[in-house]
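Quick look at query_35.cif (mmCIF, C-alpha atoms and all ligand atoms):
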```
data_model
#
loop_
_atom_site.label_atom_id
_atom_site.label_comp_id
_atom_site.auth_asym_id
_atom_site.auth_seq_id
_atom_site.Cartn_x
_atom_site.Cartn_y
_atom_site.Cartn_z
CA MET K 260 24.56 -3.77 -19.78
CA ALA K 261 23.48 -5.94 -22.64
CA GLU K 262 25.03 -9.33 -22.73
CA ARG K 263 24.17 -10.94 -26.05
CA ARG K 264 24.02 -14.56 -27.13
CA VAL K 265 27.28 -15.82 -28.65
CA VAL K 266 26.62 -17.79 -31.80
CA LYS K 267 28.46 -21.08 -32.00
CA TRP K 268 30.37 -23.09 -34.57
CA GLY K 269 27.94 -24.30 -37.21
CA ASN K 270 25.96 -21.08 -37.35
CA PRO K 271 26.21 -19.64 -40.90
CA LEU K 272 26.75 -16.15 -39.42
CA LEU K 273 30.28 -17.29 -38.52
CA THR K 274 31.25 -18.39 -42.01
CA ARG K 275 30.31 -15.38 -44.09
CA GLY K 276 32.21 -12.15 -44.60
CA ALA K 277 31.13 -9.16 -42.52
CA GLU K 278 30.23 -5.72 -43.89
CA PRO K 279 32.45 -2.66 -43.40
CA VAL K 280 31.27 0.07 -41.02
CA THR K 281 30.48 3.21 -43.01
CA GLN K 282 29.26 5.60 -40.29
CA PHE K 283 31.39 6.42 -37.28
CA GLY K 284 30.56 8.07 -33.98
CA THR K 285 26.90 7.02 -34.12
CA GLU K 286 24.84 5.88 -31.17
CA GLN K 287 24.15 2.62 -32.98
CA LEU K 288 27.88 1.90 -33.28
CA GLN K 289 28.48 2.83 -29.64
CA LEU K 290 25.69 0.50 -28.49
CA LEU K 291 27.03 -2.37 -30.59
CA VAL K 292 30.55 -1.92 -29.19
CA THR K 293 29.15 -1.76 -25.63
CA ASP K 294 27.30 -5.03 -26.23
CA LEU K 295 30.53 -6.60 -27.49
CA TRP K 296 32.39 -5.54 -24.32
CA ASP K 297 29.56 -6.66 -22.05
CA THR K 298 29.31 -10.04 -23.76
CA MET K 299 33.07 -10.60 -23.81
CA SER K 300 33.46 -9.65 -20.14
CA ALA K 301 30.55 -11.82 -19.02
CA ARG K 302 32.12 -14.85 -20.76
CA GLY K 303 35.67 -14.12 -19.64
CA GLY K 304 36.95 -13.87 -23.23
CA THR K 305 40.06 -12.12 -24.50
CA GLY K 306 38.47 -10.94 -27.71
CA LEU K 307 35.18 -10.90 -29.58
CA ALA K 308 34.14 -10.07 -33.13
CA ALA K 309 30.74 -8.59 -34.03
CA PRO K 310 29.62 -11.60 -36.12
CA GLN K 311 29.86 -13.70 -32.95
CA ILE K 312 26.91 -11.78 -31.50
CA GLY K 313 25.04 -11.99 -34.78
CA GLU K 314 26.06 -8.56 -36.11
CA SER K 315 27.75 -8.92 -39.47
CA TYR K 316 29.98 -5.84 -39.24
CA ARG K 317 33.77 -5.49 -39.33
CA ILE K 318 34.27 -4.69 -35.64
CA VAL K 319 36.47 -6.49 -33.11
CA VAL K 320 37.25 -5.84 -29.46
CA PHE K 321 39.93 -7.36 -27.26
CA GLU K 322 41.83 -6.86 -24.04
CA ILE K 323 44.84 -8.76 -22.73
CA LYS K 324 44.71 -8.54 -18.97
CA PRO K 325 47.70 -9.15 -16.73
CA SER K 326 47.50 -12.82 -15.78
CA PRO K 327 49.27 -14.65 -12.98
CA ARG K 328 48.69 -17.84 -15.02
CA TYR K 329 50.54 -16.42 -18.06
CA PRO K 330 53.01 -13.87 -16.69
CA GLU K 331 54.93 -13.88 -20.00
CA LEU K 332 52.07 -12.05 -21.73
CA ASP K 333 52.26 -8.29 -22.02
CA PRO K 334 48.93 -6.70 -21.13
CA VAL K 335 47.06 -4.74 -23.81
CA PRO K 336 44.36 -2.22 -22.78
CA PRO K 337 40.78 -2.56 -24.06
CA THR K 338 40.94 -1.95 -27.82
CA VAL K 339 38.26 -1.53 -30.48
CA LEU K 340 39.27 -2.02 -34.12
CA ILE K 341 36.81 -1.07 -36.85
CA ASN K 342 37.34 -2.18 -40.47
CA PRO K 343 40.72 -3.65 -39.49
CA GLU K 344 43.30 -4.82 -42.04
CA VAL K 345 46.22 -7.02 -41.08
CA GLN K 346 49.51 -7.24 -42.98
CA PRO K 347 52.35 -9.55 -41.94
CA VAL K 348 55.58 -7.66 -41.32
CA SER K 349 57.69 -10.77 -41.93
CA GLU K 350 57.10 -14.38 -42.89
CA ASN K 351 57.87 -15.50 -39.30
CA MET K 352 55.15 -17.72 -37.90
CA ALA K 353 54.58 -18.90 -34.34
CA LYS K 354 52.30 -21.64 -33.04
CA GLY K 355 50.16 -21.08 -29.97
CA TRP K 356 47.03 -22.47 -28.36
CA GLU K 357 43.79 -20.66 -29.10
CA GLY K 358 40.25 -20.88 -27.91
CA CYS K 359 37.10 -19.11 -29.04
CA LEU K 360 33.82 -18.23 -27.34
CA SER K 361 32.06 -19.74 -30.38
CA LEU K 362 33.72 -23.14 -29.66
CA PRO K 363 33.34 -23.37 -25.90
CA GLY K 364 35.66 -25.78 -24.11
CA MET K 365 37.90 -26.37 -27.12
CA ARG K 366 41.51 -25.46 -27.89
CA GLY K 367 43.72 -25.75 -30.93
CA LEU K 368 47.36 -25.13 -31.77
CA VAL K 369 47.34 -22.47 -34.48
CA PRO K 370 50.17 -20.96 -36.54
CA ARG K 371 49.98 -17.17 -36.87
CA TYR K 372 52.25 -14.44 -38.16
CA ALA K 373 54.56 -13.42 -35.35
CA CYS K 374 54.55 -9.74 -36.25
CA ILE K 375 51.84 -7.77 -38.05
CA GLU K 376 50.89 -4.26 -38.98
CA ILE K 377 47.32 -3.29 -38.17
CA SER K 378 45.43 -0.58 -40.06
CA ALA K 379 42.00 0.21 -38.66
CA HIS K 380 39.73 2.96 -37.36
CA ASP K 381 38.56 3.72 -33.86
CA ILE K 382 34.92 4.25 -32.95
CA HIS K 383 35.12 7.93 -34.00
CA GLY K 384 36.67 7.09 -37.37
CA GLN K 385 40.21 8.11 -36.42
CA PRO K 386 42.84 5.98 -38.16
CA ILE K 387 44.88 3.47 -36.17
CA LYS K 388 48.19 2.16 -37.46
CA GLN K 389 50.20 -0.10 -35.22
CA GLN K 390 52.83 -2.83 -35.36
CA VAL K 391 52.30 -5.61 -32.84
CA HIS K 392 53.83 -9.01 -32.19
CA GLY K 393 53.47 -12.18 -30.15
CA TYR K 394 50.22 -12.93 -28.36
CA HIS K 395 48.83 -9.49 -29.20
CA ALA K 396 49.33 -10.23 -32.91
CA ARG K 397 47.74 -13.67 -32.43
CA VAL K 398 44.60 -12.23 -30.83
CA VAL K 399 44.20 -9.64 -33.58
CA GLN K 400 44.62 -12.25 -36.34
CA HIS K 401 42.11 -14.57 -34.64
CA GLU K 402 39.51 -11.81 -34.26
CA CYS K 403 40.03 -10.40 -37.77
CA ASP K 404 39.62 -13.89 -39.22
CA HIS K 405 36.07 -13.88 -37.81
CA LEU K 406 35.31 -10.92 -40.10
CA ASP K 407 36.20 -13.05 -43.10
CA GLY K 408 34.20 -16.03 -41.89
CA ILE K 409 37.26 -18.03 -40.77
CA LEU K 410 37.36 -19.92 -37.48
CA TYR K 411 40.64 -21.04 -35.91
CA PRO K 412 40.17 -24.79 -36.61
CA GLN K 413 40.58 -23.92 -40.31
CA ARG K 414 44.11 -22.70 -39.54
CA ILE K 415 45.23 -25.77 -37.59
CA GLN K 416 47.89 -27.85 -39.36
CA ASP K 417 47.92 -30.89 -37.06
CA MET K 418 44.38 -31.91 -36.09
CA ASN K 419 45.80 -33.97 -33.21
CA MET K 420 46.44 -30.56 -31.66
CA PHE K 421 42.71 -29.74 -31.54
CA GLY K 422 40.17 -30.88 -29.02
CA PHE K 423 38.52 -30.34 -25.68
CA GLU K 424 40.63 -28.35 -23.27
CA GLU K 425 40.13 -30.86 -20.47
CA GLU K 426 41.61 -33.65 -22.63
CA LEU K 427 44.54 -31.81 -24.22
CA SER K 428 48.00 -31.38 -22.85
CA LEU K 429 48.59 -27.67 -23.34
CA ALA K 430 52.00 -27.61 -21.70
CA GLY K 431 54.93 -25.91 -23.30
CA THR K 432 53.50 -24.19 -26.30
CA LEU K 433 50.71 -22.09 -24.90
CA ASN K 434 51.94 -18.74 -26.10
CA GLN K 435 55.20 -18.56 -27.94
CA VAL K 436 56.21 -14.96 -28.29
CA SER K 437 58.50 -14.33 -31.21
CA PRO K 438 60.29 -11.06 -31.75
CA CYS K 439 59.60 -9.25 -35.02
NI NI Y 1 37.02 -16.43 -31.78
#
```

Show me the file's structure as structure tokens.
Ligand code: NI
Amino acid sequence: MAERRVVKWGNPLLTRGAEPVTQFGTEQLQLLVTDLWDTMSARGGTGLAAPQIGESYRIVVFEIKPSPRYPELDPVPPTVLINPEVQPVSENMAKGWEGCLSLPGMRGLVPRYACIEISAHDIHGQPIKQQVHGYHARVVQHECDHLDGILYPQRIQDMNMFGFEEELSLAGTLNQVSPC
């Protein structure tokens, strides 16, 4: 187990583009992915991108666990996406509240494409192609933004809908799930 430090908003590592992975199935890649899982689990996050632990590579991990607090969310098993590309399937957007381990304690209401197609590779270099929607699509867009140096506050349209979780009223719009 290797929990790593999560770099926070303001660190230049979070605002630069990450490098593509060129070698798959290596021990180095496996160790990096293990560190991402260990760090995400220890912090109770839903997703984590490699730049957040100071590794400027195009790797994201996420898992949507069944939650009694948000029973409307479909669970997604632990997923690793390497060199992911995201394409919107339609122009439909949905707004939902997001947080980020690099901005602890904060939340913002962020518009995202409701339905996307993901092209990526797994840890062995096998291609992944998948259409996802709703909260799943939101998580993937949030994590993939990290690889391009974009943090969710940059996507917020109404800055009154951004602040400390303890001060915000999150009711109603936590996770709109739009069909494709
Ligand atoms: Ni994040």

Hey, could you make a per-residue contact list for chain K against ligand NI 1 (chain Y) with 6 Å as the cut-off, showing the nearest pair of atoms and its distance in Å to one decimal, counting only C-alpha atoms and all ligand atoms, sorted by chain and number, as CSV?
```
residue,atom,partner,partner_atom,distance
K:Cys359,CA,Y:NI1,NI,3.8
K:Leu360,CA,Y:NI1,NI,5.8
K:Glu402,CA,Y:NI1,NI,5.8
```

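The smallest atom-to-atom distance between Ile312 in chain K and any of K:Met299, K:Leu332, K:Ala379, K:Val369, using all atoms listed in the file, is found for K:Met299.
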
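Candidate residues K:Pro310, K:Gln400, K:Arg371, K:Pro325 were compared for distance to Val266 in chain K, and the nearest is K:Pro310, using only C-alpha atoms.
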
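Across K:Pro279, K:Gly364, K:Pro327, K:Gly355, the tightest approach to Glu424 in chain K is made by K:Gly364 when counting all atoms listed in the file.
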
| task | Figure out the distance between CA of Asp297 in chain K and CA of Asn270 in chain K, please, to one decimal in Å. | result | 21.3 Å

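Closest approach to Arg302 in chain K among K:Val265, K:Leu427, K:Val348, K:Met418 is made by K:Val265 (distances from all atoms listed in the file).
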
| said: I'd like to know which of K:Pro347, K:Pro370, K:Pro271, K:Pro363 is closest to Gln390 in chain K, using only C-alpha atoms. | reply: K:Pro347

| Interatomic distance, CA of Trp268 in chain K to CA of Glu376 in chain K (Å, one decimal) | 28.2 Å

| request: Tell me, as a PyMOL selection string, which residues lie within 7 Å of Ser378 in chain K, counting all atoms listed in the file; anything in the same chain fewer than 6 positions away does not count. | output: chain K and resi 343-345+387-389

| task | May I ask for the distance between CA of Tyr372 in chain K and CA of Ser349 in chain K, given in Å to one decimal place? | result | 7.6 Å
